[in-house]
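Listing of protein_2.cif, mmCIF, C-alpha atoms
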data_run
loop_
_atom_site.label_atom_id
_atom_site.label_comp_id
_atom_site.auth_asym_id
_atom_site.auth_seq_id
_atom_site.Cartn_x
_atom_site.Cartn_y
_atom_site.Cartn_z
CA MET A 1 16.97 -42.49 19.42
CA THR A 2 16.73 -40.24 22.42
CA SER A 3 13.93 -37.88 23.17
CA ASP A 4 16.37 -35.02 22.52
CA HIS A 5 16.60 -36.10 18.92
CA HIS A 6 12.84 -36.11 18.62
CA ASP A 7 12.72 -32.59 19.98
CA GLU A 8 15.32 -31.36 17.57
CA ARG A 9 13.61 -32.89 14.63
CA GLY A 10 10.29 -31.54 15.77
CA VAL A 11 11.61 -28.02 15.96
CA SER A 12 13.34 -28.11 12.62
CA ARG A 13 10.29 -29.64 10.95
CA ARG A 14 8.13 -26.90 12.41
CA LYS A 15 10.56 -24.33 11.11
CA VAL A 16 10.47 -25.86 7.66
CA LEU A 17 6.68 -25.83 7.71
CA GLU A 18 6.65 -22.19 8.78
CA CYS A 19 8.89 -21.28 5.88
CA MET A 20 6.77 -23.26 3.46
CA THR A 21 3.57 -21.64 4.61
CA TRP A 22 5.13 -18.25 4.10
CA ALA A 23 7.08 -18.77 0.91
CA GLY A 24 4.58 -21.20 -0.55
CA THR A 25 1.41 -19.13 -0.58
CA GLY A 26 1.89 -18.14 -4.18
CA VAL A 27 2.95 -21.61 -5.25
CA LEU A 28 -0.13 -23.11 -3.68
CA TRP A 29 -2.34 -20.68 -5.59
CA THR A 30 -0.62 -21.64 -8.80
CA VAL A 31 -1.28 -25.31 -8.36
CA ALA A 32 -4.87 -24.75 -7.25
CA GLY A 33 -5.53 -22.44 -10.15
CA GLY A 34 -3.89 -24.74 -12.66
CA VAL A 35 -1.92 -21.89 -14.13
CA PRO A 36 0.79 -22.96 -16.54
CA SER A 37 3.26 -20.54 -15.06
CA SER A 38 6.40 -21.33 -13.16
CA MET A 39 7.86 -19.56 -10.23
CA GLY A 40 11.51 -20.01 -9.76
CA ILE A 41 14.96 -18.70 -9.78
CA ILE A 42 17.04 -17.16 -12.44
CA ASP A 43 18.29 -20.52 -13.79
CA GLU A 44 14.75 -21.57 -14.63
CA ALA A 45 14.17 -18.24 -16.33
CA ARG A 46 17.24 -18.87 -18.42
CA ALA A 47 15.83 -22.25 -19.47
CA VAL A 48 12.67 -20.64 -20.79
CA ALA A 49 14.38 -18.97 -23.80
CA PRO A 50 11.58 -16.49 -24.47
CA SER A 51 10.74 -15.81 -28.09
CA GLY A 52 7.84 -13.45 -27.54
CA LEU A 53 7.49 -10.12 -25.75
CA THR A 54 9.18 -10.04 -22.36
CA PHE A 55 8.67 -7.29 -19.84
CA LEU A 56 9.43 -6.91 -16.19
CA GLN A 57 7.34 -5.94 -13.20
CA ILE A 58 8.76 -4.34 -10.08
CA SER A 59 6.66 -3.08 -7.22
CA ASP A 60 6.55 -1.45 -3.82
CA SER A 61 10.09 -0.11 -3.67
CA HIS A 62 9.11 2.19 -0.76
CA VAL A 63 12.22 4.33 -1.21
CA GLY A 64 12.69 6.21 2.06
CA PHE A 65 11.57 3.32 4.26
CA ASP A 66 14.19 2.74 6.97
CA LYS A 67 12.41 0.77 9.69
CA PRO A 68 13.54 -2.61 11.13
CA ALA A 69 11.76 -4.64 8.40
CA ASN A 70 14.39 -3.23 6.00
CA PRO A 71 16.60 -0.32 7.08
CA ASN A 72 17.79 0.20 3.49
CA ALA A 73 14.95 -0.01 0.98
CA LEU A 74 16.98 1.94 -1.59
CA GLY A 75 19.74 -0.67 -1.29
CA THR A 76 17.43 -3.59 -2.04
CA LEU A 77 15.92 -1.67 -4.97
CA GLU A 78 19.46 -1.32 -6.27
CA GLU A 79 19.91 -5.09 -5.87
CA ALA A 80 16.71 -5.65 -7.84
CA LEU A 81 18.09 -3.45 -10.62
CA ASN A 82 21.35 -5.40 -10.62
CA LYS A 83 19.24 -8.54 -11.01
CA ILE A 84 17.38 -6.96 -13.94
CA ASN A 85 20.62 -5.88 -15.60
CA ALA A 86 21.94 -9.43 -15.27
CA LEU A 87 18.92 -11.04 -16.99
CA PRO A 88 19.94 -13.22 -19.94
CA VAL A 89 17.15 -11.75 -22.07
CA LYS A 90 16.75 -7.99 -21.77
CA PRO A 91 13.09 -7.16 -21.18
CA SER A 92 11.39 -4.69 -23.52
CA PHE A 93 10.31 -2.42 -20.69
CA ILE A 94 9.50 -2.27 -16.98
CA ILE A 95 6.15 -1.86 -15.29
CA HIS A 96 6.25 -0.41 -11.78
CA THR A 97 3.03 -1.14 -9.90
CA GLY A 98 3.33 1.64 -7.36
CA ASP A 99 4.62 2.65 -3.94
CA ILE A 100 7.75 3.90 -5.62
CA THR A 101 8.35 5.98 -2.48
CA HIS A 102 7.40 5.59 1.15
CA LEU A 103 6.34 9.17 1.92
CA SER A 104 5.95 10.90 -1.50
CA LYS A 105 8.99 13.08 -0.77
CA PRO A 106 10.73 14.69 -3.78
CA SER A 107 14.07 13.31 -2.54
CA GLU A 108 12.58 9.80 -2.44
CA PHE A 109 11.27 10.12 -6.00
CA ASP A 110 14.73 11.42 -7.03
CA ASP A 111 16.51 8.45 -5.43
CA ALA A 112 14.07 5.96 -6.99
CA ASP A 113 14.49 7.51 -10.45
CA ARG A 114 18.25 7.49 -10.14
CA VAL A 115 18.34 3.78 -9.31
CA ILE A 116 15.58 2.57 -11.67
CA SER A 117 17.06 4.49 -14.60
CA GLN A 118 20.13 2.22 -14.34
CA ALA A 119 18.11 -0.37 -16.26
CA ARG A 120 18.07 1.95 -19.30
CA LEU A 121 14.56 0.76 -20.11
CA ASP A 122 11.23 2.50 -20.49
CA VAL A 123 9.32 2.35 -17.23
CA HIS A 124 5.52 2.49 -17.11
CA TYR A 125 4.32 3.56 -13.68
CA VAL A 126 1.08 3.58 -11.77
CA PRO A 127 0.97 5.21 -8.33
CA GLY A 128 0.57 3.46 -4.99
CA GLU A 129 -1.08 5.15 -2.03
CA HIS A 130 2.39 6.07 -0.72
CA ASP A 131 3.09 8.08 -3.89
CA VAL A 132 0.04 10.33 -3.58
CA LEU A 133 0.35 11.55 0.01
CA ASP A 134 0.52 15.17 -1.11
CA GLU A 135 -2.80 16.95 -1.25
CA ASP A 136 -3.25 17.24 -5.02
CA VAL A 137 -1.12 14.30 -6.28
CA LYS A 138 1.17 16.92 -7.83
CA LEU A 139 4.49 15.24 -7.07
CA TYR A 140 3.57 11.99 -8.80
CA ARG A 141 1.79 13.61 -11.74
CA ASP A 142 4.59 16.10 -12.44
CA ARG A 143 7.03 13.22 -12.85
CA TYR A 144 5.04 10.37 -14.32
CA GLY A 145 1.74 11.87 -15.41
CA ARG A 146 2.66 13.11 -18.88
CA GLY A 147 0.20 11.78 -21.44
CA THR A 148 -2.02 10.23 -18.77
CA LYS A 149 -5.60 10.97 -17.77
CA GLY A 150 -7.02 11.84 -14.35
CA ALA A 151 -4.74 10.79 -11.51
CA GLY A 152 -2.47 8.99 -14.00
CA TRP A 153 -4.29 6.23 -15.94
CA TYR A 154 -3.36 5.40 -19.54
CA SER A 155 -2.95 2.62 -22.05
CA PHE A 156 -0.36 1.64 -24.65
CA ASP A 157 0.36 -1.16 -27.09
CA ALA A 158 3.42 -3.35 -27.42
CA ASP A 159 3.86 -6.30 -29.76
CA GLY A 160 0.12 -6.71 -30.22
CA VAL A 161 -0.56 -6.71 -26.49
CA HIS A 162 -2.74 -3.91 -25.09
CA PHE A 163 -1.52 -2.58 -21.73
CA VAL A 164 -3.77 -0.59 -19.40
CA GLY A 165 -2.41 1.20 -16.32
CA LEU A 166 -5.11 2.00 -13.76
CA VAL A 167 -5.06 4.14 -10.60
CA ASN A 168 -6.98 2.79 -7.61
CA VAL A 169 -5.33 4.71 -4.77
CA VAL A 170 -6.92 8.16 -4.88
CA ASP A 171 -10.20 9.48 -3.48
CA LEU A 172 -10.60 6.49 -1.17
CA LYS A 173 -13.80 6.40 0.87
CA ALA A 174 -14.07 5.82 4.64
CA GLY A 175 -14.42 2.13 5.40
CA GLY A 176 -13.75 1.24 1.78
CA LEU A 177 -11.10 -0.44 -0.36
CA GLY A 178 -9.15 0.64 -3.42
CA ASN A 179 -11.20 2.79 -5.77
CA LEU A 180 -11.18 3.36 -9.54
CA GLY A 181 -14.05 5.83 -9.75
CA ASN A 182 -16.62 6.51 -12.41
CA GLU A 183 -14.49 8.76 -14.60
CA GLN A 184 -11.73 6.19 -14.94
CA LEU A 185 -14.18 3.32 -15.51
CA GLU A 186 -15.87 5.25 -18.29
CA TRP A 187 -12.50 5.92 -19.85
CA LEU A 188 -11.65 2.20 -19.59
CA GLU A 189 -14.88 1.20 -21.29
CA GLY A 190 -14.08 3.55 -24.17
CA ASP A 191 -10.44 2.45 -24.32
CA LEU A 192 -11.39 -1.20 -24.75
CA LYS A 193 -14.30 -0.61 -27.09
CA GLY A 194 -13.71 -1.81 -30.64
CA ARG A 195 -10.64 -3.85 -29.80
CA PRO A 196 -10.86 -7.42 -31.07
CA ALA A 197 -11.54 -9.99 -28.35
CA SER A 198 -8.38 -11.79 -29.45
CA THR A 199 -6.19 -8.87 -28.28
CA PRO A 200 -4.20 -9.99 -25.22
CA ILE A 201 -4.79 -7.48 -22.43
CA VAL A 202 -2.50 -6.69 -19.52
CA VAL A 203 -4.02 -4.51 -16.81
CA PHE A 204 -1.78 -3.17 -14.07
CA ALA A 205 -2.70 -1.24 -10.93
CA HIS A 206 -1.32 -0.95 -7.41
CA ILE A 207 -4.02 -2.46 -5.18
CA PRO A 208 -5.23 -5.93 -6.24
CA LEU A 209 -8.30 -5.84 -8.48
CA TRP A 210 -9.69 -8.89 -6.76
CA SER A 211 -10.67 -9.26 -3.11
CA VAL A 212 -7.56 -10.72 -1.53
CA TYR A 213 -8.45 -9.70 2.04
CA PRO A 214 -10.95 -6.86 2.43
CA ALA A 215 -10.45 -6.69 6.22
CA TRP A 216 -7.00 -5.27 5.47
CA GLY A 217 -8.22 -3.20 2.55
CA TRP A 218 -6.70 -5.64 0.04
CA GLY A 219 -9.17 -5.29 -2.79
CA THR A 220 -10.78 -2.70 -5.06
CA GLU A 221 -14.30 -1.49 -4.39
CA ASP A 222 -15.48 -1.07 -7.98
CA ALA A 223 -13.20 -3.57 -9.76
CA ALA A 224 -16.19 -5.69 -10.83
CA ARG A 225 -17.16 -3.04 -13.39
CA ALA A 226 -13.67 -3.00 -14.85
CA LEU A 227 -13.60 -6.79 -15.05
CA ASP A 228 -16.98 -6.71 -16.75
CA TYR A 229 -15.48 -4.64 -19.59
CA LEU A 230 -12.59 -7.12 -19.79
CA LYS A 231 -14.52 -10.39 -19.76
CA ARG A 232 -15.02 -10.64 -23.54
CA PHE A 233 -11.26 -10.78 -24.12
CA GLY A 234 -9.64 -14.18 -24.51
CA SER A 235 -6.53 -13.38 -22.50
CA VAL A 236 -6.46 -10.94 -19.61
CA THR A 237 -3.57 -10.67 -17.16
CA VAL A 238 -3.94 -8.41 -14.13
CA LEU A 239 -0.71 -7.40 -12.39
CA ASN A 240 -0.82 -5.79 -8.97
CA GLY A 241 1.42 -4.99 -6.00
CA HIS A 242 0.48 -3.53 -2.61
CA ILE A 243 0.44 -6.76 -0.59
CA HIS A 244 4.21 -7.44 -0.80
CA GLN A 245 3.85 -11.15 -1.52
CA ILE A 246 3.02 -13.40 -4.45
CA MET A 247 -0.61 -14.38 -4.92
CA GLN A 248 -2.23 -15.73 -8.00
CA LYS A 249 -5.78 -16.52 -8.99
CA VAL A 250 -7.49 -17.48 -12.22
CA GLU A 251 -11.08 -16.60 -13.03
CA GLY A 252 -12.16 -17.63 -16.51
CA ASN A 253 -9.79 -15.93 -18.93
CA VAL A 254 -8.42 -13.60 -16.30
CA THR A 255 -5.19 -14.33 -14.46
CA PHE A 256 -4.55 -12.17 -11.39
CA HIS A 257 -1.03 -11.89 -10.03
CA THR A 258 0.60 -9.83 -7.30
CA ALA A 259 4.34 -9.21 -7.18
CA ARG A 260 6.77 -9.17 -4.31
CA SER A 261 8.06 -5.87 -2.99
CA THR A 262 11.67 -4.83 -3.44
CA ALA A 263 11.57 -3.31 0.08
CA PHE A 264 9.93 -5.46 2.77
CA PRO A 265 7.48 -8.37 3.09
CA GLN A 266 3.99 -8.19 4.56
CA PRO A 267 2.20 -11.00 6.40
CA ALA A 268 -0.12 -13.46 4.69
CA PRO A 269 -3.78 -12.38 4.97
CA GLY A 270 -4.95 -12.61 8.57
CA ALA A 271 -1.64 -14.08 9.75
CA ALA A 272 -0.83 -11.02 11.89
CA PRO A 273 -2.82 -8.35 13.77
CA SER A 274 -2.23 -5.88 10.92
CA PRO A 275 -0.72 -5.75 7.42
CA GLY A 276 2.28 -3.72 8.63
CA PRO A 277 5.86 -4.38 7.47
CA MET A 278 7.01 -7.83 8.57
CA LYS A 279 10.43 -8.28 10.11
CA VAL A 280 12.10 -11.50 9.03
CA ALA A 281 15.59 -12.74 9.91
CA ASP A 282 18.21 -10.58 8.16
CA ASP A 283 19.51 -13.51 6.11
CA LYS A 284 15.96 -14.30 4.95
CA LEU A 285 14.97 -10.81 3.78
CA ARG A 286 16.21 -11.14 0.21
CA SER A 287 14.34 -14.40 -0.27
CA VAL A 288 11.03 -12.62 0.25
CA LEU A 289 11.83 -9.61 -1.96
CA GLY A 290 11.99 -9.84 -5.71
CA ILE A 291 11.07 -9.00 -9.27
CA THR A 292 8.65 -10.51 -11.79
CA ASP A 293 9.45 -11.50 -15.35
CA VAL A 294 6.51 -11.76 -17.75
CA THR A 295 6.69 -13.34 -21.19
CA PHE A 296 3.97 -13.31 -23.81
CA LYS A 297 4.17 -15.93 -26.51
CA ARG A 298 1.92 -15.61 -29.50
CA GLY A 299 -0.73 -18.29 -29.67
CA GLN A 300 -0.71 -18.93 -25.94
CA GLN A 301 -3.64 -17.73 -23.95
CA ARG A 302 -1.73 -17.07 -20.77
CA LEU A 303 1.42 -15.15 -20.14
CA ALA A 304 4.29 -16.90 -18.43
CA ILE A 305 4.92 -15.16 -15.15
CA ILE A 306 8.17 -15.89 -13.35
CA ASP A 307 8.85 -14.45 -9.93
CA GLN A 308 12.45 -14.19 -8.91
CA PRO A 309 13.58 -13.52 -5.35
CA LEU A 310 16.54 -11.19 -4.90
CA GLN A 311 18.30 -14.14 -3.34
CA ARG A 312 17.34 -17.75 -2.79
CA MET B 1 2.80 13.31 26.85
CA ARG B 2 5.33 16.03 26.15
CA THR B 3 2.71 18.05 24.34
CA ILE B 4 0.35 17.87 27.27
CA LYS B 5 3.06 19.03 29.69
CA SER B 6 4.04 22.03 27.62
CA ARG B 7 0.41 22.84 27.05
CA SER B 8 -0.34 22.89 30.80
CA ARG B 9 2.73 25.10 31.30
CA VAL B 10 1.28 27.55 28.83
CA ALA B 11 -2.08 27.21 30.54
CA THR B 12 -0.45 27.94 33.90
CA ALA B 13 1.27 31.05 32.60
CA PHE B 14 -1.99 32.13 31.05
CA GLY B 15 -3.77 31.37 34.34
CA VAL B 16 -1.40 33.62 36.27
CA VAL B 17 -2.18 36.50 33.95
CA LEU B 18 -5.87 35.83 34.32
CA LEU B 19 -5.46 35.50 38.10
CA VAL B 20 -4.24 39.09 38.27
CA ALA B 21 -7.25 40.17 36.21
CA ALA B 22 -10.02 38.02 37.66
CA ALA B 23 -9.22 34.97 39.76
CA THR B 24 -12.64 33.30 39.75
CA PHE B 25 -13.15 33.61 36.02
CA ALA B 26 -9.77 31.94 35.39
CA ALA B 27 -10.77 28.92 37.46
CA ARG B 28 -14.11 28.53 35.74
CA SER B 29 -12.73 28.67 32.18
CA ALA B 30 -9.97 26.10 32.78
CA PRO B 31 -9.42 24.10 29.57
CA ALA B 32 -10.95 20.66 29.15
CA THR B 33 -8.53 17.75 29.64
CA ASP B 34 -6.64 16.88 26.48
CA ALA B 35 -7.08 13.46 24.95
CA GLU B 36 -4.85 11.14 23.01
CA VAL B 37 -5.56 8.58 20.28
CA ASP B 38 -2.84 6.10 19.40
CA ILE B 39 -2.52 4.71 15.90
CA ASP B 40 -1.16 1.22 16.32
CA GLN B 41 -1.38 -1.90 14.11
CA PHE B 42 -3.57 -0.02 11.60
CA THR B 43 -6.10 0.77 14.34
CA PHE B 44 -7.18 3.97 16.09
CA LEU B 45 -7.07 3.37 19.86
CA PRO B 46 -9.55 4.08 21.27
CA GLN B 47 -11.55 3.77 18.10
CA ARG B 48 -14.35 5.88 19.58
CA ILE B 49 -13.50 8.55 22.10
CA THR B 50 -15.91 10.83 24.00
CA VAL B 51 -14.64 14.27 25.05
CA LYS B 52 -15.99 17.60 26.34
CA ALA B 53 -16.18 20.54 23.95
CA GLY B 54 -12.92 22.47 24.01
CA THR B 55 -10.80 19.32 24.21
CA THR B 56 -7.75 19.01 22.01
CA VAL B 57 -7.39 15.49 20.68
CA THR B 58 -3.89 14.42 19.64
CA TRP B 59 -3.27 11.43 17.37
CA ILE B 60 0.14 9.76 17.49
CA ASN B 61 1.28 7.34 14.77
CA GLU B 62 3.02 4.35 16.34
CA ASP B 63 3.13 2.32 13.10
CA ASP B 64 6.01 1.85 10.66
CA VAL B 65 3.83 3.16 7.81
CA PRO B 66 2.25 6.59 7.32
CA HIS B 67 -1.37 7.25 8.23
CA THR B 68 -3.70 10.23 7.96
CA ILE B 69 -6.64 11.48 10.00
CA VAL B 70 -9.40 12.75 7.74
CA SER B 71 -12.83 13.83 8.92
CA SER B 72 -15.61 12.25 6.84
CA SER B 73 -17.46 15.59 6.93
CA LYS B 74 -14.27 17.53 6.04
CA VAL B 75 -13.98 19.28 9.43
CA PHE B 76 -10.30 18.34 9.88
CA LYS B 77 -7.59 16.71 7.83
CA SER B 78 -4.01 15.87 8.75
CA LYS B 79 -1.01 15.54 6.49
CA ALA B 80 0.48 12.06 6.23
CA LEU B 81 1.95 11.22 9.62
CA ASP B 82 5.20 9.29 9.58
CA THR B 83 6.19 7.13 12.55
CA ALA B 84 5.92 9.14 15.83
CA ASP B 85 4.36 12.14 14.08
CA LYS B 86 1.36 13.80 15.77
CA PHE B 87 -1.73 15.65 14.71
CA SER B 88 -3.97 17.71 17.01
CA PHE B 89 -7.40 19.20 16.60
CA THR B 90 -9.48 21.13 19.13
CA PHE B 91 -13.15 20.21 19.14
CA THR B 92 -15.30 23.19 20.10
CA THR B 93 -18.72 22.13 18.78
CA PRO B 94 -20.62 19.14 20.22
CA GLY B 95 -21.41 16.34 17.81
CA THR B 96 -20.07 13.06 16.44
CA TYR B 97 -17.03 13.37 14.18
CA ASP B 98 -16.37 10.27 12.10
CA TYR B 99 -12.92 10.07 10.60
CA PHE B 100 -10.71 7.63 8.67
CA CYS B 101 -7.21 7.14 7.31
CA SER B 102 -7.28 8.22 3.67
CA VAL B 103 -4.26 5.97 2.96
CA HIS B 104 -5.87 2.88 4.51
CA PRO B 105 -9.59 3.66 4.44
CA HIS B 106 -10.54 0.47 6.28
CA MET B 107 -9.18 2.30 9.35
CA THR B 108 -12.04 4.30 10.85
CA GLY B 109 -12.69 6.10 14.14
CA ALA B 110 -14.97 8.63 15.80
CA VAL B 111 -14.72 11.52 18.24
CA VAL B 112 -17.91 12.21 20.18
CA VAL B 113 -17.94 15.77 21.56
CA GLU B 114 -20.28 16.57 24.43
CA ALA B 115 -21.27 20.04 25.56
CA ALA B 116 -18.85 21.38 28.17
CA SER B 117 -21.34 23.85 29.71
CA GLY B 118 -22.99 21.22 31.97
CA SER B 119 -20.12 20.88 34.46
CA ASN B 120 -19.27 24.60 34.43
CA ALA B 121 -22.86 25.69 34.96
CA ALA B 122 -23.05 23.60 38.14
CA GLN B 123 -20.67 25.97 39.94
#
The structure in this file should be written as structure tokens.
Amino acid sequence: MTSDHHDERGVSRRKVLECMTWAGTGVLWTVAGGVPSSMGIIDEARAVAPSGLTFLQISDSHVGFDKPANPNALGTLEEALNKINALPVKPSFIIHTGDITHLSKPSEFDDADRVISQARLDVHYVPGEHDVLDEDVKLYRDRYGRGTKGAGWYSFDADGVHFVGLVNVVDLKAGGLGNLGNEQLEWLEGDLKGRPASTPIVVFAHIPLWSVYPAWGWGTEDAARALDYLKRFGSVTVLNGHIHQIMQKVEGNVTFHTARSTAFPQPAPGAAPSPGPMKVADDKLRSVLGITDVTFKRGQQRLAIIDQPLQR
Amino acid sequence: MRTIKSRSRVATAFGVVLLVAAATFAARSAPATDAEVDIDQFTFLPQRITVKAGTTVTWINEDDVPHTIVSSSKVFKSKALDTADKFSFTFTTPGTYDYFCSVHPHMTGAVVVEAASGSNAAQ
């Protein structure tokens, strides 16, 4: 074996390790947390023959984004919708965890609506910080705010599961993180009051409700109070977006999960000077974008969460 | 830089008018040098800038994501700046102006404004 061979192998091994570090962050969390959820491709999802409630999470479509990290964010959202339409089991509804648009422009909201409506499913939205760039959050609220409180928080029930959509992207304080605010927290306390502890709860919001990486603003200032109201429930699943990568953590009965973006990836915490859009090789982009399939089976404490990349 | 150029052209034209009226006064009330803050990698650069009263500070967004410039004491507030967009504010009153990006509030900065009278009074 020549030294050239060693070099080649060294390089390719390094490359493989790089890919694993990047793609494997979420997987690693899963194993460490001991969560009985699988992350895989569409074939695995097919094998799971869901009998309970199935819904879908998409996040961070950033319609209007056209920079090198993905010059066509609307195109990859369309691919995500094609993926949803091809699912063997049609989900009951979609949850969109925010950053529908990149710049809160009416045309961007229009484009997003046009594409997402191709699923012909109900979509439950919460805003991301990119959806509330206009002064009074009028653009988002006019479209998605019907029947919601404050900047757009609300709850609903489906198949015995209680869903709570929270807004943690408005009225942010200098030097701080995501923010729920007193009014919303009081509403949440009242919303949960009187519900049996056996009710499975799904909370969804844009910015993670746990401290993923505060130095990049990846956390929510006053989430502890919300989690305090949730701790008596036997099954709590928290679905977030914002960080454009899969992360999972389990704390007692609470499972936290962040979804991939349909637009562009962001670096792992601290792996780059800033959390800005990350440019990957063109043929790798679709492997770091994706959708999330969530199935609730009666009698099981945790929901099965399956992340699917747009392309392997 | 383009802004600064056009601004000095305006200043020159203005100066000529003033020159006809009162040459010495025009020289004495020359505008303070303009300053620039770059927004790059989710950071205001420089994060803390000291300027003379009367200075116009211009922020330029070099990132691929939108940012805002919002004064903590509500003195100034920009719209969301897309890539390459700019926002300017002229600081006339001495003091320390803390500001942040309301989209990414972990981004903070400050403009320290010093009295401009000191250098002028020396003449």
At a cut-off of 10 Å from (-15.9, 1.9, -15.7) in the coordinates of the file, what residues are picked up using all atoms listed in the file, written as a list in words? Leu180, Gly181, Asn182, Glu183, Gln184, Leu185, Glu186, Trp187, Leu188, Glu189, Gly190, Asp222, Ala223, Ala224, Arg225, Ala226, Leu227, Asp228 and Tyr229 of chain A
Would you write out those residues with C-alpha atoms, as a PDB file, in the coordinates of the input?
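Contents of part-v2.pdb, as written:
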ATOM      1  CA  LEU A 180     -11.180   3.360  -9.540  1.00  0.00           C
ATOM      2  CA  GLY A 181     -14.050   5.830  -9.750  1.00  0.00           C
ATOM      3  CA  ASN A 182     -16.620   6.510 -12.410  1.00  0.00           C
ATOM      4  CA  GLU A 183     -14.490   8.760 -14.600  1.00  0.00           C
ATOM      5  CA  GLN A 184     -11.730   6.190 -14.940  1.00  0.00           C
ATOM      6  CA  LEU A 185     -14.180   3.320 -15.510  1.00  0.00           C
ATOM      7  CA  GLU A 186     -15.870   5.250 -18.290  1.00  0.00           C
ATOM      8  CA  TRP A 187     -12.500   5.920 -19.850  1.00  0.00           C
ATOM      9  CA  LEU A 188     -11.650   2.200 -19.590  1.00  0.00           C
ATOM     10  CA  GLU A 189     -14.880   1.200 -21.290  1.00  0.00           C
ATOM     11  CA  GLY A 190     -14.080   3.550 -24.170  1.00  0.00           C
ATOM     12  CA  ASP A 222     -15.480  -1.070  -7.980  1.00  0.00           C
ATOM     13  CA  ALA A 223     -13.200  -3.570  -9.760  1.00  0.00           C
ATOM     14  CA  ALA A 224     -16.190  -5.690 -10.830  1.00  0.00           C
ATOM     15  CA  ARG A 225     -17.160  -3.040 -13.390  1.00  0.00           C
ATOM     16  CA  ALA A 226     -13.670  -3.000 -14.850  1.00  0.00           C
ATOM     17  CA  LEU A 227     -13.600  -6.790 -15.050  1.00  0.00           C
ATOM     18  CA  ASP A 228     -16.980  -6.710 -16.750  1.00  0.00           C
ATOM     19  CA  TYR A 229     -15.480  -4.640 -19.590  1.00  0.00           C
TER      20      TYR A 229
END
Residue members of the PyMOL selection byres ((chain A) within 12 of (chain B)) in the file shown, as a ChimeraX atom specification: /A:62,64-71,99,101-105,128-136,168-179,207,213-221,242,264,266,272-279
Please report, as AutoDock Vina command-line options, the centre and edge lengths in Å to one decimal of an axis-aligned box covering all listed atoms of stretch 69-80 of chain B with 6 Å per side.
--center_x -8.5 --center_y 15.4 --center_z 8.0 --size_x 29.9 --size_y 19.8 --size_z 16.0
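Computed from the coordinates, the atom CA of B:Ile60 to atom CA of A:Arg141 distance equals 29.5 Å.
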Give me the residues within 7 Å of stretch 250-255 of chain A as a list in words, counting all atoms listed in the file and dropping any in the same chain fewer than 2 places off. Gly33, Gly234, Ser235, Val236, Thr237, Val238, Gln248 and His257 of chain A
A:Ala259 environment, 9 Å, only C-alpha atoms, sequence neighbours closer than 5 positions dropped, as number ranges by chain: A: 57-60, 97, 239-247, 290-292, 307
Selected residues written out with C-alpha atoms, as an mmCIF file, keeping the file's coordinate frame:
data_model
loop_
_atom_site.group_PDB
_atom_site.id
_atom_site.type_symbol
_atom_site.label_atom_id
_atom_site.label_comp_id
_atom_site.auth_asym_id
_atom_site.auth_seq_id
_atom_site.Cartn_x
_atom_site.Cartn_y
_atom_site.Cartn_z
ATOM 1 C CA GLN A 57 7.340 -5.940 -13.200
ATOM 2 C CA ILE A 58 8.760 -4.340 -10.080
ATOM 3 C CA SER A 59 6.660 -3.080 -7.220
ATOM 4 C CA ASP A 60 6.550 -1.450 -3.820
ATOM 5 C CA THR A 97 3.030 -1.140 -9.900
ATOM 6 C CA LEU A 239 -0.710 -7.400 -12.390
ATOM 7 C CA ASN A 240 -0.820 -5.790 -8.970
ATOM 8 C CA GLY A 241 1.420 -4.990 -6.000
ATOM 9 C CA HIS A 242 0.480 -3.530 -2.610
ATOM 10 C CA ILE A 243 0.440 -6.760 -0.590
ATOM 11 C CA HIS A 244 4.210 -7.440 -0.800
ATOM 12 C CA GLN A 245 3.850 -11.150 -1.520
ATOM 13 C CA ILE A 246 3.020 -13.400 -4.450
ATOM 14 C CA MET A 247 -0.610 -14.380 -4.920
ATOM 15 C CA GLY A 290 11.990 -9.840 -5.710
ATOM 16 C CA ILE A 291 11.070 -9.000 -9.270
ATOM 17 C CA THR A 292 8.650 -10.510 -11.790
ATOM 18 C CA ASP A 307 8.850 -14.450 -9.930
#
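One distance worth recording is that between atom CA of A:His162 and atom CA of A:Arg195, which is 9.2 Å.
When all atoms listed in the file are used to compute distances to B:Ala84, the closest of the residues B:Gln47, B:Thr33, B:Ile69, B:Ile39 turns out to be B:Ile39.
Interatomic distance, atom CA of A:His96 against atom CA of A:Asp282: 25.4 Å.
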Which is closest to A:Val203 among A:Asp142, A:Asp293, A:Asp157, A:Asp110, if we use all atoms listed in the file?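 Selected residue with least distance to A:Val203: A:Asp157.
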Residues near A:Leu121, cut-off 8 Å, all atoms listed in the file, skip fewer than 3 positions along chain, as a PyMOL selection string: chain A and resi 92-94+117
Could you give me, as a PyMOL selection string, the residues that sit within 10 Å of (-20.0, 21.4, 19.2) in the file's coordinates, counting all atoms listed in the file? chain B and resi 52-54+91-97+112-116
